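As stored in data.csv (CSV, C-alpha atoms and all ligand atoms):
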chain,number,residue,atom,x,y,z
C,187,MET,CA,-124.7,159.5,76.9
C,188,GLU,CA,-127.4,160.7,79.4
C,189,ILE,CA,-127.9,158.8,82.7
C,190,THR,CA,-131.0,159.8,84.7
C,191,GLU,CA,-132.1,158.6,88.1
C,192,ILE,CA,-135.5,157.1,88.6
C,193,ALA,CA,-136.7,157.2,92.2
C,194,VAL,CA,-138.4,153.9,93.3
C,195,GLU,CA,-139.3,153.2,96.8
C,196,GLY,CA,-137.5,150.2,98.3
C,197,TYR,CA,-134.7,150.3,95.7
C,198,GLU,CA,-131.3,151.6,96.4
C,199,ARG,CA,-130.7,153.0,92.9
C,200,VAL,CA,-132.6,152.8,89.6
C,201,ALA,CA,-131.3,154.6,86.5
C,202,ARG,CA,-132.0,155.0,82.8
C,203,CYS,CA,-129.4,155.4,80.1
C,204,ARG,CA,-130.1,157.0,76.7
C,205,ASP,CA,-127.3,157.1,74.3
C,206,GLU,CA,-128.0,158.7,70.9
C,207,ALA,CA,-124.8,157.6,69.3
C,208,THR,CA,-125.5,153.9,69.7
C,209,ASP,CA,-129.3,154.0,70.3
C,210,LEU,CA,-128.9,152.4,73.7
C,211,HIS,CA,-132.0,152.6,75.9
C,212,ALA,CA,-131.3,150.7,79.1
C,213,LEU,CA,-132.3,150.5,82.7
C,214,ILE,CA,-130.3,149.2,85.7
C,215,ALA,CA,-131.9,148.5,89.1
C,216,VAL,CA,-130.0,147.9,92.2
C,217,HIS,CA,-132.5,146.6,94.8
C,218,ASP,CA,-130.4,145.8,97.8
C,219,THR,CA,-126.7,145.7,98.6
C,220,THR,CA,-126.9,144.8,102.3
C,221,LEU,CA,-125.1,141.5,101.7
C,222,GLY,CA,-122.7,142.7,99.0
C,223,PRO,CA,-122.6,144.3,95.5
C,224,ALA,CA,-125.8,143.6,93.4
C,225,LEU,CA,-125.2,140.9,90.9
C,226,GLY,CA,-127.8,140.0,88.2
C,227,GLY,CA,-127.9,139.4,84.5
C,228,LEU,CA,-128.4,141.7,81.6
C,229,ARG,CA,-131.5,141.0,79.5
C,230,MET,CA,-132.4,142.2,76.0
C,231,TRP,CA,-136.0,142.3,75.1
C,232,PRO,CA,-138.2,144.2,72.6
C,233,TYR,CA,-140.3,145.7,75.5
C,234,ALA,CA,-143.3,147.7,74.2
C,235,SER,CA,-142.6,150.6,76.5
C,236,GLU,CA,-140.1,151.8,79.1
C,237,ASP,CA,-142.7,151.1,81.8
C,238,GLU,CA,-142.9,147.5,80.8
C,239,ALA,CA,-139.1,147.3,81.0
C,240,LEU,CA,-139.0,149.0,84.3
C,241,PHE,CA,-141.6,146.6,85.7
C,242,ASP,CA,-139.4,143.7,84.6
C,243,VAL,CA,-136.1,145.0,85.9
C,244,LEU,CA,-137.6,145.9,89.3
C,245,ARG,CA,-139.2,142.5,89.8
C,246,LEU,CA,-136.1,140.7,88.6
C,247,SER,CA,-133.6,142.7,90.7
C,248,LYS,CA,-135.7,142.1,93.9
C,249,GLY,CA,-135.8,138.4,93.1
C,250,MET,CA,-132.0,138.4,92.9
C,251,THR,CA,-131.7,139.9,96.4
C,252,TYR,CA,-133.8,137.0,97.8
C,253,LYS,CA,-132.1,134.3,95.7
C,254,SER,CA,-128.6,135.5,96.8
C,255,ALA,CA,-129.6,136.0,100.4
C,256,ILE,CA,-130.7,132.3,100.7
C,257,ALA,CA,-127.8,131.0,98.6
C,258,GLU,CA,-125.4,133.0,100.8
C,259,THR,CA,-123.4,134.2,97.8
C,260,GLY,CA,-122.3,137.4,99.6
C,261,LEU,CA,-124.1,139.4,97.0
C,262,GLY,CA,-127.0,141.7,96.7
C,263,GLY,CA,-129.7,141.9,94.1
C,264,GLY,CA,-129.7,143.8,90.8
C,265,LYS,CA,-130.5,143.4,87.2
C,266,SER,CA,-130.3,145.3,83.9
C,267,VAL,CA,-132.4,145.4,80.7
C,268,ILE,CA,-131.8,146.8,77.2
C,269,ILE,CA,-134.9,147.8,75.4
C,270,GLY,CA,-134.4,146.4,71.9
C,271,ASP,CA,-134.8,143.6,69.5
C,272,PRO,CA,-132.0,141.1,70.0
C,273,LYS,CA,-132.3,139.9,66.4
C,274,ARG,CA,-132.0,143.4,64.9
C,275,ASP,CA,-130.5,145.9,67.3
C,276,LYS,CA,-127.4,144.3,68.7
C,277,SER,CA,-124.0,146.0,67.9
C,278,GLU,CA,-120.6,146.1,69.5
C,279,ALA,CA,-121.0,149.8,70.1
C,280,LEU,CA,-124.4,149.3,71.9
C,281,PHE,CA,-122.8,146.8,74.3
C,282,GLU,CA,-119.7,149.0,74.9
C,283,ALA,CA,-122.1,151.9,75.8
C,284,MET,CA,-123.9,149.5,78.1
C,285,GLY,CA,-120.6,148.8,79.7
C,286,ARG,CA,-120.1,152.5,80.4
C,287,PHE,CA,-123.5,152.6,82.0
C,288,VAL,CA,-122.6,149.7,84.3
C,289,GLU,CA,-119.4,151.5,85.1
C,290,ASP,CA,-121.4,154.5,86.4
C,291,PHE,CA,-122.5,152.2,89.3
C,292,GLY,CA,-118.8,151.9,90.4
C,293,GLY,CA,-119.1,148.2,91.2
C,294,GLU,CA,-122.3,148.5,93.1
C,295,TYR,CA,-123.9,146.6,90.2
C,296,ILE,CA,-122.2,143.6,88.5
C,297,THR,CA,-123.6,142.2,85.3
C,298,ALA,CA,-123.8,138.7,83.8
C,299,GLU,CA,-125.8,136.8,81.1
C,300,ASP,CA,-129.6,136.7,81.0
C,301,MET,CA,-132.1,136.2,78.2
C,302,ASN,CA,-130.8,137.0,74.7
C,303,ILE,CA,-127.3,137.9,76.0
C,304,GLY,CA,-124.3,135.7,75.3
C,305,ILE,CA,-120.7,135.7,76.2
C,306,SER,CA,-119.7,137.6,73.0
C,307,ASP,CA,-122.1,140.4,73.9
C,308,LEU,CA,-120.7,140.5,77.5
C,309,GLU,CA,-117.1,140.7,76.0
C,310,CYS,CA,-118.2,144.0,74.4
C,311,VAL,CA,-119.7,145.2,77.7
C,312,ARG,CA,-116.4,144.3,79.3
C,313,ARG,CA,-114.6,147.0,77.2
C,314,GLY,CA,-116.6,149.6,79.1
C,315,THR,CA,-116.4,148.2,82.6
C,316,ARG,CA,-114.7,145.6,84.6
C,317,TRP,CA,-117.9,144.7,86.5
C,318,VAL,CA,-118.8,141.8,84.3
C,319,THR,CA,-119.0,138.1,85.3
C,320,GLY,CA,-119.9,134.9,83.4
C,321,LEU,CA,-117.3,135.4,80.6
C,322,SER,CA,-115.6,132.4,79.1
C,323,ARG,CA,-113.7,129.8,81.2
C,324,GLU,CA,-110.6,130.4,79.0
C,325,SER,CA,-110.5,134.0,80.2
C,326,GLY,CA,-110.5,132.9,83.9
C,327,SER,CA,-114.2,133.5,84.3
C,328,SER,CA,-116.9,131.0,85.4
C,329,GLY,CA,-118.4,130.3,81.9
C,330,ASN,CA,-121.9,129.0,81.2
C,331,PRO,CA,-123.9,128.8,84.4
C,332,SER,CA,-126.6,126.3,83.0
C,333,PRO,CA,-124.8,123.0,84.0
C,334,TYR,CA,-124.4,124.3,87.5
C,335,THR,CA,-128.1,125.3,87.7
C,336,ALA,CA,-129.0,121.8,86.6
C,337,LEU,CA,-126.6,120.3,89.2
C,338,GLY,CA,-128.1,122.5,91.9
C,339,CYS,CA,-131.5,121.2,91.0
C,340,VAL,CA,-130.4,117.6,91.3
C,341,ILE,CA,-128.9,118.3,94.7
C,342,GLY,CA,-132.1,120.1,95.8
C,343,LEU,CA,-134.3,117.4,94.4
C,344,LYS,CA,-132.9,115.0,97.0
C,345,ALA,CA,-134.4,117.2,99.7
C,346,VAL,CA,-137.6,117.3,97.7
C,347,LEU,CA,-137.9,113.5,97.3
C,348,GLU,CA,-137.1,112.9,100.9
C,349,ALA,CA,-139.9,115.3,102.0
C,350,ALA,CA,-142.5,114.3,99.4
C,351,CYS,CA,-141.7,110.6,98.9
C,352,GLY,CA,-139.9,109.5,102.1
C,353,SER,CA,-136.5,108.8,100.6
C,354,GLU,CA,-133.8,110.8,98.8
C,355,SER,CA,-133.3,108.0,96.2
C,356,PHE,CA,-134.0,108.8,92.5
C,357,GLU,CA,-134.3,105.1,91.7
C,358,GLY,CA,-137.6,104.5,89.9
C,359,ARG,CA,-138.9,108.0,90.6
C,360,LYS,CA,-140.8,109.5,87.7
C,361,VAL,CA,-140.0,113.1,86.8
C,362,VAL,CA,-141.7,115.1,84.1
C,363,ILE,CA,-139.5,118.0,82.8
C,364,GLN,CA,-141.2,120.8,80.9
C,365,GLY,CA,-138.5,122.6,78.8
C,366,ALA,CA,-135.6,120.4,77.9
C,367,GLY,CA,-133.2,123.3,77.1
C,368,ALA,CA,-129.9,124.2,78.6
C,369,VAL,CA,-130.9,123.5,82.1
C,370,GLY,CA,-133.8,121.0,81.6
C,371,GLY,CA,-132.0,118.9,79.1
C,372,ARG,CA,-129.0,118.5,81.3
C,373,LEU,CA,-131.2,117.8,84.3
C,374,ALA,CA,-132.9,115.1,82.4
C,375,VAL,CA,-129.6,113.3,81.6
C,376,MET,CA,-128.4,113.6,85.2
C,377,LEU,CA,-131.6,112.3,86.7
C,378,LYS,CA,-131.6,109.3,84.3
C,379,GLU,CA,-128.1,108.5,85.4
C,380,LYS,CA,-129.3,108.4,88.9
C,381,GLY,CA,-132.0,105.9,88.1
C,382,ALA,CA,-135.1,108.2,87.6
C,383,GLU,CA,-137.6,107.6,84.9
C,384,VAL,CA,-137.6,110.9,82.9
C,385,VAL,CA,-140.4,112.2,80.6
C,386,ILE,CA,-139.6,115.4,78.7
C,387,CYS,CA,-141.8,117.9,77.1
C,388,ASP,CA,-140.6,120.7,74.8
C,389,ILE,CA,-142.2,122.8,72.1
C,390,ASP,CA,-139.0,122.4,70.1
C,391,THR,CA,-139.7,119.0,68.6
C,392,GLU,CA,-136.2,118.8,67.1
C,393,ARG,CA,-134.9,119.0,70.6
C,394,THR,CA,-137.1,116.3,72.0
C,395,GLU,CA,-136.4,114.0,69.0
C,396,GLN,CA,-132.6,114.5,69.6
C,397,LEU,CA,-132.9,113.8,73.3
C,398,HIS,CA,-135.1,110.8,72.6
C,399,ASN,CA,-132.5,109.4,70.1
C,400,ASP,CA,-129.5,110.1,72.3
C,401,HIS,CA,-130.9,109.1,75.7
C,402,GLY,CA,-134.2,107.3,75.0
C,403,PHE,CA,-136.4,109.7,76.9
C,404,GLU,CA,-140.1,109.4,76.4
C,405,HIS,CA,-141.7,112.7,75.4
C,406,VAL,CA,-145.1,114.1,75.7
C,407,ASP,CA,-146.9,117.1,74.1
C,408,ASP,CA,-147.1,120.4,76.0
C,409,GLU,CA,-150.9,120.2,76.1
C,410,ASP,CA,-150.8,116.8,77.8
C,411,HIS,CA,-147.8,117.0,80.0
C,412,LEU,CA,-149.7,118.1,83.1
C,413,ASP,CA,-151.8,115.0,83.0
C,414,VAL,CA,-148.9,112.6,83.4
C,415,GLU,CA,-148.9,111.1,86.8
C,416,CYS,CA,-145.4,111.5,88.3
C,417,ASP,CA,-143.4,112.0,91.5
C,418,VAL,CA,-141.9,115.3,90.5
C,419,TYR,CA,-143.1,117.9,87.9
C,420,ALA,CA,-140.0,120.0,87.0
C,421,PRO,CA,-140.9,123.3,85.1
C,422,CYS,CA,-137.7,124.3,83.2
C,423,ALA,CA,-139.2,126.4,80.4
C,424,ARG,CA,-140.8,129.8,81.2
C,425,GLY,CA,-142.4,131.2,84.3
C,426,ALA,CA,-146.1,131.5,85.4
C,427,GLY,CA,-146.9,127.8,84.5
C,428,ILE,CA,-148.6,127.2,87.9
C,429,ASN,CA,-151.8,129.2,87.6
C,430,ASP,CA,-155.6,128.9,88.0
C,431,GLU,CA,-155.8,126.8,84.8
C,432,THR,CA,-153.1,124.4,85.7
C,433,VAL,CA,-152.9,123.9,89.4
C,434,ASP,CA,-155.8,121.4,89.7
C,435,ARG,CA,-154.6,119.4,86.8
C,436,LEU,CA,-151.2,118.5,88.3
C,437,ARG,CA,-150.8,114.8,89.2
C,438,CYS,CA,-147.5,115.0,91.0
C,439,LYS,CA,-146.2,114.8,94.6
C,440,ALA,CA,-143.9,117.8,94.1
C,441,VAL,CA,-143.2,120.7,91.8
C,442,ALA,CA,-139.5,121.4,91.6
C,443,GLY,CA,-137.8,122.9,88.6
C,444,ALA,CA,-135.4,125.6,87.4
C,445,ALA,CA,-137.8,128.1,85.7
C,446,ASN,CA,-138.0,131.5,87.4
C,447,ASN,CA,-141.3,132.7,88.8
C,448,GLN,CA,-143.2,129.4,88.4
C,449,CYS,CA,-146.2,130.5,90.3
C,450,LEU,CA,-148.2,133.2,88.5
C,451,GLU,CA,-149.1,134.6,91.9
C,452,PRO,CA,-148.1,133.7,95.5
C,453,ARG,CA,-151.5,132.3,96.1
C,454,HIS,CA,-150.8,129.5,93.7
C,455,ALA,CA,-148.1,128.2,96.0
C,456,GLU,CA,-150.8,128.1,98.7
C,457,SER,CA,-153.1,126.2,96.3
C,458,LEU,CA,-150.3,123.6,95.8
C,459,ARG,CA,-149.9,123.3,99.6
C,460,GLN,CA,-153.7,122.8,100.0
C,461,ARG,CA,-153.5,120.0,97.4
C,462,GLY,CA,-150.7,118.4,99.3
C,463,ILE,CA,-148.1,119.0,96.6
C,464,LEU,CA,-144.7,120.1,97.8
C,465,TYR,CA,-143.4,123.1,96.0
C,466,ALA,CA,-139.6,123.8,96.0
C,467,PRO,CA,-139.4,127.6,95.6
C,468,ASP,CA,-137.7,128.3,92.3
C,469,PHE,CA,-135.3,130.9,93.6
C,470,VAL,CA,-133.9,128.4,96.2
C,471,LEU,CA,-133.7,125.4,93.8
C,472,ASN,CA,-132.3,127.2,90.8
C,473,ALA,CA,-129.4,129.1,92.5
C,474,GLY,CA,-126.6,126.8,91.2
C,475,GLY,CA,-125.8,129.2,88.4
C,476,ILE,CA,-125.6,132.4,90.5
C,477,ILE,CA,-123.6,130.5,93.1
C,478,ASN,CA,-121.1,129.4,90.4
C,479,VAL,CA,-120.8,133.0,89.1
C,480,SER,CA,-120.4,134.4,92.6
C,481,VAL,CA,-117.2,132.4,93.2
C,482,GLU,CA,-115.5,134.5,90.5
C,483,LEU,CA,-115.7,137.5,92.9
C,484,LEU,CA,-114.1,135.7,95.9
C,485,GLU,CA,-110.5,136.3,96.7
C,486,GLY,CA,-108.4,134.0,94.4
C,487,GLY,CA,-111.0,134.1,91.7
C,488,TYR,CA,-113.0,131.3,90.1
C,489,ASP,CA,-112.4,127.8,91.4
C,490,GLU,CA,-114.8,125.0,90.4
C,491,ALA,CA,-114.3,122.9,93.6
C,492,ARG,CA,-115.2,125.9,95.7
C,493,ALA,CA,-118.3,126.5,93.6
C,494,LEU,CA,-119.4,122.9,93.9
C,495,GLY,CA,-119.0,123.0,97.7
C,496,ARG,CA,-121.3,126.0,97.8
C,497,ILE,CA,-123.9,124.5,95.4
C,498,ASP,CA,-124.2,121.6,97.9
C,499,ARG,CA,-125.8,124.1,100.3
C,500,ILE,CA,-129.0,124.1,98.2
C,501,TYR,CA,-129.9,120.9,100.0
C,502,PRO,CA,-129.8,122.2,103.6
C,503,ASN,CA,-131.4,125.5,102.4
C,504,LEU,CA,-134.4,123.6,101.0
C,505,LYS,CA,-134.7,121.4,104.1
C,506,ARG,CA,-134.8,124.5,106.2
C,507,VAL,CA,-137.5,126.1,104.0
C,508,PHE,CA,-139.6,122.9,104.2
C,509,GLU,CA,-139.2,122.9,108.0
C,510,ILE,CA,-140.3,126.5,108.3
C,511,SER,CA,-143.3,125.8,106.0
C,512,ARG,CA,-144.3,122.7,108.1
C,513,SER,CA,-143.9,124.3,111.5
C,514,GLU,CA,-145.6,127.6,110.6
C,515,GLN,CA,-148.2,126.0,108.3
C,516,ILE,CA,-147.3,128.5,105.6
C,517,PRO,CA,-146.6,127.9,101.9
C,518,THR,CA,-143.0,127.1,101.0
C,519,ASN,CA,-142.5,130.3,99.0
C,520,GLU,CA,-143.5,132.3,102.0
C,521,ALA,CA,-141.1,130.2,104.2
C,522,ALA,CA,-138.3,131.0,101.7
C,523,PHE,CA,-139.0,134.7,101.8
C,524,ARG,CA,-138.8,134.5,105.6
C,525,LEU,CA,-135.5,132.7,105.5
C,526,ALA,CA,-134.2,135.4,103.1
C,527,GLU,CA,-135.4,138.2,105.3
C,528,GLU,CA,-133.7,136.6,108.3
C,529,ARG,CA,-130.4,136.5,106.4
C,530,LEU,CA,-130.9,140.1,105.2
C,531,ALA,CA,-131.7,141.2,108.8
C,532,ALA,CA,-128.6,139.4,110.1
C,533,GLY,CA,-126.6,141.3,107.4
C,534,ARG,CA,-127.9,144.6,108.5
C,601,LIG,P1,-133.4,127.5,77.4
C,601,LIG,O1,-134.0,128.6,76.5
C,601,LIG,O2,-132.1,126.9,77.1
C,601,LIG,O3,-134.5,126.3,77.5
C,601,LIG,C1,-135.9,126.5,77.6
C,601,LIG,C2,-136.5,125.4,76.8
C,601,LIG,O4,-137.9,125.5,77.1
C,601,LIG,C3,-136.4,125.5,75.3
C,601,LIG,O5,-135.9,124.3,74.8
C,601,LIG,C4,-137.8,125.8,74.8
C,601,LIG,O6,-138.0,125.3,73.6
C,601,LIG,C5,-138.6,125.2,75.9
C,601,LIG,N1,-140.0,125.8,76.0
C,601,LIG,C6,-140.4,127.1,76.0
C,601,LIG,N2,-141.7,127.2,76.2
C,601,LIG,C7,-142.2,125.9,76.4
C,601,LIG,C8,-143.4,125.3,76.7
C,601,LIG,N3,-144.5,126.1,76.8
C,601,LIG,N4,-143.5,124.0,76.8
C,601,LIG,C9,-142.4,123.2,76.7
C,601,LIG,N5,-141.2,123.7,76.4
C,601,LIG,C10,-141.1,125.0,76.3
C,601,LIG,O7,-133.4,128.1,78.9
C,601,LIG,P2,-132.6,127.6,80.1
C,601,LIG,O8,-131.3,128.4,80.3
C,601,LIG,O9,-132.6,126.1,80.1
C,601,LIG,O10,-133.6,128.2,81.3
C,601,LIG,C11,-134.8,127.5,81.6
C,601,LIG,C12,-135.5,128.2,82.7
C,601,LIG,O11,-134.7,128.2,83.9
C,601,LIG,C13,-135.8,129.7,82.5
C,601,LIG,O12,-137.0,130.0,83.1
C,601,LIG,C14,-134.7,130.4,83.1
C,601,LIG,O13,-135.1,131.8,83.5
C,601,LIG,C15,-134.4,129.6,84.4
C,601,LIG,N6,-133.1,129.6,84.9
C,601,LIG,C16,-132.0,129.4,84.2
C,601,LIG,C17,-130.8,129.4,84.7
C,601,LIG,C18,-129.5,129.1,83.9
C,601,LIG,O14,-128.5,129.0,84.5
C,601,LIG,N7,-129.7,129.0,82.6
C,601,LIG,C19,-130.6,129.8,86.0
C,601,LIG,C20,-131.7,130.1,86.8
C,601,LIG,C21,-133.0,130.0,86.2

Show me this structure written as structure tokens.
Amino acid sequence: MEITEIAVEGYERVARCRDEATDLHALIAVHDTTLGPALGGLRMWPYASEDEALFDVLRLSKGMTYKSAIAETGLGGGKSVIIGDPKRDKSEALFEAMGRFVEDFGGEYITAEDMNIGISDLECVRRGTRWVTGLSRESGSSGNPSPYTALGCVIGLKAVLEAACGSESFEGRKVVIQGAGAVGGRLAVMLKEKGAEVVICDIDTERTEQLHNDHGFEHVDDEDHLDVECDVYAPCARGAGINDETVDRLRCKAVAGAANNQCLEPRHAESLRQRGILYAPDFVLNAGGIINVSVELLEGGYDEARALGRIDRIYPNLKRVFEISRSEQIPTNEAAFRLAEERLAAGR
């Protein structure tokens, strides 16, 4: 196994691992450990080049620093990627080698699930290092983070509704959810229970049919979902959905969902502000999962009640972001970055 350092300005440590025996080609980026060890998931993706993988891991690890700073998890930001096809290239030996690579960071980087990585893969990683979170509940770990991400969104949505509609109540509020997967599907059910009118949109028609049959949700095609007039538009599929083509089509009072990197560029958050649409910065609203995982690392280990108490803080955090945005007349994403920077500066 060969581990080589990659010097990147603004990052504490970035390294590449090549392992001939298992064909592992992976990168780990530790962006910032001011507030604690860098926790962020492991992603497996068939990147076309190492440069593409590097771009992704740098962007994602920096995002984790800000997400954790605002959520006050006591953690820093990091991320890792394996360059490979998850359908073809997975093997126990590959993930064990990845574990040895994580171990090389001596606890400065702690891994978890991300795209195309499941608990069984992480169990193999665990054979090479103890710096793994998000394993099964039965093993004393915190389990699947998605329900907690959805719960955090519900809690944050109260602050969104209050600011955009004048009341925290979900009763009669119309919410359009794009992407009714692990987080979006759960969010839909929780919002309906609270009295909201939920419309779902998913390219997986089996999924929408099932949710329609089980819960009676109305569904709308992906091409048409932006035209539905609603109180909240909740992107819960992929990122970059708020862009030049879509921003003027929106007919909502607020954009608030779980998807990472919803605005293609920061200027799109400013476009939302100019249109009078309140934007809940994704990395503030979708922190429920990382908060849940972070509790594993506290003294005494994972405790759901403790996690729930901390997820509640998404509400005051969003209120603070909206306040900064209003008083400084800046877009909410910029306000969130300021709040994160304040917390990082206090940590320093
Ligand atoms: P998921 O894969 O379970 O669900 C995504 C759903 O979106 C799928 O059902 C998919 O069919 C659908 N979809 C994809 N493209 C679409 C499109 N163009 N239009 C409509 N539907 C589309 O993923 P998830 O775990 O629910 O995560 C959803 C988003 O939230 C992702 O952006 C993820 O990065 C982010 N996120 C998830 C968590 C978590 O705890 N799972 C935490 C933070 C952020």

Check: Which neighbours of Leu280 of chain C fall inside 8 Å, counting all atoms listed in the file, when residues of the same chain fewer than 5 positions from it are skipped, and could you give them as a PyMOL selection string?
Finding: chain C and resi 208-210

Provide an axis-aligned box for all listed atoms of ligand LIG 601 (chain C), padding each side by 3 Å; report its centre and its edge lengths in Å to one decimal, as JSON.
{"center_x": -136.5, "center_y": 127.5, "center_z": 80.2, "size_x": 22.0, "size_y": 14.6, "size_z": 19.2}

Checklist line | All residues 10 Å or closer to Thr432 of chain C, all atoms listed in the file, same chain fewer than 6 positions away omitted, as a VMD selection string | finding: chain C and resid 412 to 413 426 454

Note to self: Around the point (-144.4, 114.7, 94.1) (coordinates from the file), which residues reach within 10 Å if we count all atoms listed in the file? Answer as a PyMOL selection string.
What the structure shows: chain C and resi 346-347+349-351+359-361+415-420+436-442+462-465

Margin query: If we count all atoms listed in the file and set the cut-off at 10 Å, which residues sit around Arg312 of chain C, ignoring sequence neighbours fewer than 3 positions away in its own chain? Please answer as a list in words.
Written below: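 Near neighbours after the sequence-gap exclusion: Phe281, Glu282, Met284, Gly285, Arg286, Val288, Glu289, Thr297, Ser306, Asp307, Leu308, Glu309, Thr315, Arg316, Trp317, Val318, Thr319 and Leu321 of chain C.
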
Generate a file of the selected residues that holds C-alpha atoms, formatted as a PDB file, in the frame of the given file.
ATOM      1  CA  PHE C 281    -122.800 146.800  74.300  1.00  0.00           C
ATOM      2  CA  GLU C 282    -119.700 149.000  74.900  1.00  0.00           C
ATOM      3  CA  MET C 284    -123.900 149.500  78.100  1.00  0.00           C
ATOM      4  CA  GLY C 285    -120.600 148.800  79.700  1.00  0.00           C
ATOM      5  CA  ARG C 286    -120.100 152.500  80.400  1.00  0.00           C
ATOM      6  CA  VAL C 288    -122.600 149.700  84.300  1.00  0.00           C
ATOM      7  CA  GLU C 289    -119.400 151.500  85.100  1.00  0.00           C
ATOM      8  CA  THR C 297    -123.600 142.200  85.300  1.00  0.00           C
ATOM      9  CA  SER C 306    -119.700 137.600  73.000  1.00  0.00           C
ATOM     10  CA  ASP C 307    -122.100 140.400  73.900  1.00  0.00           C
ATOM     11  CA  LEU C 308    -120.700 140.500  77.500  1.00  0.00           C
ATOM     12  CA  GLU C 309    -117.100 140.700  76.000  1.00  0.00           C
ATOM     13  CA  THR C 315    -116.400 148.200  82.600  1.00  0.00           C
ATOM     14  CA  ARG C 316    -114.700 145.600  84.600  1.00  0.00           C
ATOM     15  CA  TRP C 317    -117.900 144.700  86.500  1.00  0.00           C
ATOM     16  CA  VAL C 318    -118.800 141.800  84.300  1.00  0.00           C
ATOM     17  CA  THR C 319    -119.000 138.100  85.300  1.00  0.00           C
ATOM     18  CA  LEU C 321    -117.300 135.400  80.600  1.00  0.00           C
TER      19      LEU C 321
END

Next item on the list: For ligand LIG 601 (chain C), collect every residue having any atom at a distance of at most 7 Å from a ligand atom (counting all atoms listed in the file); output as JSON, numbers by chain.
Entry: {"C": [331, 332, 334, 335, 364, 365, 366, 367, 368, 369, 370, 387, 388, 389, 390, 393, 408, 422, 423, 424, 425, 444, 445, 446, 472, 473, 475]}

Would you mind exporting C-alpha atoms of the selected residues as a tab-separated table (two decimals), in the frame of the given file?
chain	number	residue	atom	x	y	z
C	331	PRO	CA	-123.90	128.80	84.40
C	332	SER	CA	-126.60	126.30	83.00
C	334	TYR	CA	-124.40	124.30	87.50
C	335	THR	CA	-128.10	125.30	87.70
C	364	GLN	CA	-141.20	120.80	80.90
C	365	GLY	CA	-138.50	122.60	78.80
C	366	ALA	CA	-135.60	120.40	77.90
C	367	GLY	CA	-133.20	123.30	77.10
C	368	ALA	CA	-129.90	124.20	78.60
C	369	VAL	CA	-130.90	123.50	82.10
C	370	GLY	CA	-133.80	121.00	81.60
C	387	CYS	CA	-141.80	117.90	77.10
C	388	ASP	CA	-140.60	120.70	74.80
C	389	ILE	CA	-142.20	122.80	72.10
C	390	ASP	CA	-139.00	122.40	70.10
C	393	ARG	CA	-134.90	119.00	70.60
C	408	ASP	CA	-147.10	120.40	76.00
C	422	CYS	CA	-137.70	124.30	83.20
C	423	ALA	CA	-139.20	126.40	80.40
C	424	ARG	CA	-140.80	129.80	81.20
C	425	GLY	CA	-142.40	131.20	84.30
C	444	ALA	CA	-135.40	125.60	87.40
C	445	ALA	CA	-137.80	128.10	85.70
C	446	ASN	CA	-138.00	131.50	87.40
C	472	ASN	CA	-132.30	127.20	90.80
C	473	ALA	CA	-129.40	129.10	92.50
C	475	GLY	CA	-125.80	129.20	88.40

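Distance-wise, atom CA of Ile428 of chain C and atom CA of Asn447 of chain C end up 9.2 Å apart.
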
Check: What gap, in Å, lies between atom CA of Val340 of chain C and atom CA of Thr518 of chain C?
Finding: 18.5 Å

Check: Residues at most 12 Å from Ile510 of chain C, counting all atoms listed in the file, excluding those fewer than 2 positions away in the same chain, as a list of chain:residue names?
Finding: C:Asn503, C:Leu504, C:Lys505, C:Arg506, C:Val507, C:Phe508, C:Arg512, C:Ser513, C:Glu514, C:Gln515, C:Ile516, C:Pro517, C:Thr518, C:Asn519, C:Glu520, C:Ala521, C:Ala522, C:Phe523, C:Arg524, C:Leu525, C:Ala526

Check: So how far away is atom CA of Arg245 of chain C from atom CA of Ile192 of chain C, in Å?
Finding: 15.1 Å

Check: With distances taken over all atoms listed in the file, which of C:Val216, C:Leu530, C:Val470, C:Cys203 is nearest to Ala283 of chain C?
Finding: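 Among the listed residues, C:Cys203 lies closest to Ala283 of chain C.
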
Item checked: Selection: 7 Å around Ser322 of chain C, only C-alpha atoms, excl. self and same-chain fewer than 6 positions, as a list in words ->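 Contacts, with the query itself left out: Ile305, Ser328 and Gly329 of chain C.
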
Check: Taking into account all atoms listed in the file, which residue in the set C:Arg323, C:Leu228, C:Pro223, C:Gly264 is nearest to Gly292 of chain C?
Finding: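 Checking each candidate against Gly292 of chain C, we get C:Pro223 as the closest.
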
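With distances taken over all atoms listed in the file, C:Arg202 is the one residue among C:Arg202, C:Arg459, C:His405, C:His217 lying closest to Ala239 of chain C.
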
Next item on the list: Identify which of the residues C:Leu261, C:Ala279, C:Ala455, C:Leu373 lies closest to Cys310 of chain C, counting all atoms listed in the file when measuring atom-to-atom distances.
Entry: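 Among the listed residues, the smallest separation from Cys310 of chain C belongs to C:Ala279.
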
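Nearest to Glu198 of chain C of all the residues C:Ile256, C:His211, C:Met230, C:Tyr295 is C:Tyr295, based on all atoms listed in the file.
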
Next item on the list: Could you check which of C:Ser325, C:Leu213, C:Thr219, C:Arg492 is closest to Gly293 of chain C, using only C-alpha atoms?
Entry: C:Thr219
